[in-house]
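Working notes, beginning with the structure itself.
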Amino acid sequence: MQKSATIQLLKTFSEAESKEFDRFIQSPFFNNQKSLTKFYKLIKKKSPSYDGEDLQKEIIFKNLYPGKTYNDEIIRRLLADLKKIIDEYLAYSQFRSDRNLTARALLTEYKNRRQGKLFEQKLERTNEELDNTENYDKTYFEAKKEIHNLMLNYIFHMNKLNYKKYDFSKRGEYIIYSFLIDILNLTSDTMFISREMNRENEISLPDIFFENFDMGALIEHLKKTNSPYYNTFSLIYAGLQAFKNTNDDKYYYEYKSMIQEHWKTFTNGAKYILYINLSTFCAFKIEKGKLDFRRELFSLYDRMLKEDFYVFAENGYFDLNLWRQILLSAVLLKKYDWSHKFIERYSGALSPETKNDTVNLSYSRLLIAEGHYEQALEYISNINSDYSIFKTDVRNLMLQIYYEMNYTEQLLSLMDSYKHFLSSNQQISGFKKNKYSGFVNNIGTLLKFKRKPDRGKIETFVNSVLTSQASFGDWLISKALEIKNKIKT
C-alpha cells in the first residue's frame, strides 16, 4: 500500500496542507463517507513518512472492520476513493490560489446569470488589480486576454454594443502580447533542450516564425510609444539573443544587466526563472571551454540561496536537478566547506520522497572530491532510489571510487554491467547514454595507460576530453596527468 499513488501523493503534503486536507475530507460538502474519513485517519497516523507495518492493508482492514475476514476489494476501493478526494483537494487548492482564475470564473457566472451590474463591478475591480503591477509576465497577459474575451462575450450576451468601457483594439493587442510571450518562452526552451539533447541543427516552426518576424521593430515601437510593456519584451528578447549567441559573452552580460536593472519589480518566481536562464548560459559557455564562467555560475547559485529564491513556488521543494548543479559547481571550485554547509542547511527543502537519497549522493560526491573514498562508498550503499537519475549518478560515482581505490576487478565488472544497463534502459535519453558510455570508455582508456603509460597518447587523450566536453572531464584529466607525471623521463 505504501507504493500506491494515494500514499505517494500524501507524502508530498506540507504540514499546512496536511492540516487543511484534514478539514477538507471531514467536510460533508466534499465527503459523505464516514468509512473513508476513518480510513484516512488510520493512515494519517503514519505521516509524514507513511512507512511501517501499521500501513499493511490487512492491519488497516482489521482496525476498520474488527472481526471481519479481510477483503482486498474494500481496501482498494477506499484507496481509490481517497485518491479521488485528494485530487479534488489539489484542484480546489490550485483554483483558490489563482486569483485571476477565480475572478474569471466568477465573471463567467455573473454573465451567464445575466447579472450585468455585478459583472461590471467585478470586471472593474479585476482590471484594477491586474494593472496594479510592474511585473508584466505571461500570467498578466494571459489574464488580460481572457478578461477582454469575457468582456466581448458579455457585450454580445447582454446586447450592450454601446458599452463605452470596452476598447475593441485592446483585445487584439493582448492576444498578440500573450502569443509573443508564449512563443518567446517556447523558443528559449527549445534552444535549451536542443543543446542538452545535442539536436541544435533541427529547424522548428517557431524558428521559421522568428526568421520572418522583426522582433526588434516591435521593441522599438514599444519604446517610442512609451508602452509599459517595453521592459518586459526587451528583457525576454535579450534572453533570446543570449541563447542564440552563447559564443559572444556581451549578450549574456547585457541580459544580466537588464535583469538587475529591474530586479525590484520581479517576484521570487520570476527571479528563479531568470537566474535559471543565466545559469544555463553559463553552463553552455563552460562546456565550450570558458572555464572562468565557473565562478560566475557559482555566484548565481550563491545569490539564489542567500536571497531565498532557490525554489520556484512558495512552499515548493528544492528542484533535484538544481540541487545537483549547485553542489557540482561548488565541488569543481573546491569549495568543500561551503558544500558541507549547503547540504546541512538546505536538505530540509528537498522533497521527502528523494531527500535521503539526495543527501547520501551529495555527501558521496563531496567525499570523493576530498579523497575520502571509503566514506563515500558507505553513503552510496544507503541509496535505494528507483529514479534513473540516481541510478546513473551512483554508477558514475562508484566507477570513480573503484578506480581511486584500485579495485580493478570490481571496476571492470561495474563497467560491463553499466554498459548493459545504459543500452537496455528506456528512461535514459540517447544523448545521456552516449555521454555516460563515453565516460565508461574513458575509464577503460585510463586503465590501459596505467598498464602501459604513453606520454603522447595521454596528451592526445587529455586534448580529446577537453574538446569533446566529456562527462567528469576534470576528473579524467587529473587522473591522466597523474599517470603522465609518473612516467620517467
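Residue names in the C-alpha cells use chain letters A, B, ... in the order shown, residue numbers from 1 in each chain, and ligand numbers from 1 in the order shown.
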
*asked:* Please list as a ChimeraX atom specification every residue within 10 Å of Thr139 (chain A), counting only C-alpha atoms and excluding residues in the same chain fewer than 3 positions away.
replied: /A:100,130,135-136,142-145,178,181

What does the file look like for those residues with C-alpha atoms, as a PDB file, in the first residue's frame?
ATOM      1  CA  ASN A 100      -7.111  35.573 -11.816  1.00  0.00           C
ATOM      2  CA  LEU A 130      -4.260  43.287 -12.729  1.00  0.00           C
ATOM      3  CA  ASN A 135       5.568  42.607 -13.451  1.00  0.00           C
ATOM      4  CA  TYR A 136       4.033  42.135 -16.887  1.00  0.00           C
ATOM      5  CA  GLU A 142      -2.975  35.669 -20.367  1.00  0.00           C
ATOM      6  CA  ALA A 143      -5.334  37.105 -17.747  1.00  0.00           C
ATOM      7  CA  LYS A 144      -5.832  40.367 -19.693  1.00  0.00           C
ATOM      8  CA  LYS A 145      -6.554  38.405 -22.863  1.00  0.00           C
ATOM      9  CA  SER A 178       0.122  36.717 -24.932  1.00  0.00           C
ATOM     10  CA  ILE A 181       5.235  35.725 -24.542  1.00  0.00           C
TER      11      ILE A 181
END

*Would you list the contacts of Lys84 (chain A) as number ranges by chain, taking every protein, DNA or RNA residue within 12 Å and counting only C-alpha atoms, but skipping same-chain residues closer than 4 positions in sequence?*
A: 5-6, 9, 25, 30-31, 36, 77-80, 88-91

Write the residues of the preceding selection, restricted to N, CA and C atoms, as a PDB file, in the first residue's frame.
ATOM      1  N   ALA A   5      -0.397   5.234  -5.502  1.00  0.00           N
ATOM      2  CA  ALA A   5      -0.413   6.654  -5.878  1.00  0.00           C
ATOM      3  C   ALA A   5      -1.007   7.506  -4.758  1.00  0.00           C
ATOM      4  N   THR A   6      -1.966   6.936  -4.021  1.00  0.00           N
ATOM      5  CA  THR A   6      -2.604   7.665  -2.916  1.00  0.00           C
ATOM      6  C   THR A   6      -1.583   8.032  -1.843  1.00  0.00           C
ATOM      7  N   LEU A   9       1.033  10.614  -3.028  1.00  0.00           N
ATOM      8  CA  LEU A   9       0.519  11.985  -3.007  1.00  0.00           C
ATOM      9  C   LEU A   9       0.504  12.556  -1.596  1.00  0.00           C
ATOM     10  N   ILE A  25     -11.466  16.778   4.079  1.00  0.00           N
ATOM     11  CA  ILE A  25     -12.044  15.435   3.985  1.00  0.00           C
ATOM     12  C   ILE A  25     -13.175  15.224   4.996  1.00  0.00           C
ATOM     13  N   PHE A  30     -17.692  17.869   0.689  1.00  0.00           N
ATOM     14  CA  PHE A  30     -16.732  17.167  -0.168  1.00  0.00           C
ATOM     15  C   PHE A  30     -16.722  15.657   0.049  1.00  0.00           C
ATOM     16  N   ASN A  31     -17.120  15.208   1.236  1.00  0.00           N
ATOM     17  CA  ASN A  31     -17.029  13.777   1.548  1.00  0.00           C
ATOM     18  C   ASN A  31     -18.144  13.377   2.509  1.00  0.00           C
ATOM     19  N   LEU A  36     -14.457   6.343   4.850  1.00  0.00           N
ATOM     20  CA  LEU A  36     -13.300   6.941   4.175  1.00  0.00           C
ATOM     21  C   LEU A  36     -12.545   7.863   5.124  1.00  0.00           C
ATOM     22  N   ARG A  77     -10.853  -0.142  -2.971  1.00  0.00           N
ATOM     23  CA  ARG A  77     -11.878   0.870  -3.249  1.00  0.00           C
ATOM     24  C   ARG A  77     -11.664   2.105  -2.364  1.00  0.00           C
ATOM     25  N   LEU A  78     -11.310   1.888  -1.099  1.00  0.00           N
ATOM     26  CA  LEU A  78     -11.058   3.015  -0.199  1.00  0.00           C
ATOM     27  C   LEU A  78      -9.841   3.825  -0.662  1.00  0.00           C
ATOM     28  N   LEU A  79      -8.809   3.121  -1.117  1.00  0.00           N
ATOM     29  CA  LEU A  79      -7.634   3.825  -1.641  1.00  0.00           C
ATOM     30  C   LEU A  79      -8.001   4.663  -2.862  1.00  0.00           C
ATOM     31  N   ALA A  80      -8.829   4.090  -3.731  1.00  0.00           N
ATOM     32  CA  ALA A  80      -9.251   4.818  -4.938  1.00  0.00           C
ATOM     33  C   ALA A  80     -10.107   6.028  -4.576  1.00  0.00           C
ATOM     34  N   GLU A  88      -9.400  16.129  -5.781  1.00  0.00           N
ATOM     35  CA  GLU A  88     -10.341  17.247  -5.679  1.00  0.00           C
ATOM     36  C   GLU A  88      -9.765  18.358  -4.799  1.00  0.00           C
ATOM     37  N   TYR A  89      -9.101  17.971  -3.721  1.00  0.00           N
ATOM     38  CA  TYR A  89      -8.476  18.961  -2.840  1.00  0.00           C
ATOM     39  C   TYR A  89      -7.375  19.727  -3.560  1.00  0.00           C
ATOM     40  N   LEU A  90      -6.534  19.005  -4.305  1.00  0.00           N
ATOM     41  CA  LEU A  90      -5.439  19.661  -5.032  1.00  0.00           C
ATOM     42  C   LEU A  90      -5.974  20.627  -6.083  1.00  0.00           C
ATOM     43  N   ALA A  91      -7.018  20.201  -6.796  1.00  0.00           N
ATOM     44  CA  ALA A  91      -7.621  21.075  -7.803  1.00  0.00           C
ATOM     45  C   ALA A  91      -8.250  22.302  -7.147  1.00  0.00           C
TER      46      ALA A  91
END

_Between CA of Phe342 (chain A) and CA of Ser362 (chain A), distance in Å (one decimal)_ =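 Between these atoms lies a distance of 10.1 Å.
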
_region 369-384 of chain A environment, 9 Å, only C-alpha atoms, sequence neighbours closer than 5 positions dropped, as a PyMOL selection string_ = chain A and resi 331-332+334+336+356-364+390+394+397-398+400-402+404-405

*Could you please determine the separation between CA of Ser329 (chain A) and CA of Lys256 (chain A) in Å, to one decimal place?*
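Spanning CA of Ser329 (chain A) to CA of Lys256 (chain A) is a straight-line distance of 19.3 Å.
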
_Of the listed residues A:Ala103, A:Leu118, A:Ile183, A:Leu291, that which approaches Glu146 (chain A) most closely, counting only C-alpha atoms_ = A:Ala103

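Checking A:Phe156, A:Tyr251, A:Phe309, A:Phe243 one by one against Thr190 (chain A), counting only C-alpha atoms, you find the shortest gap at A:Phe243.
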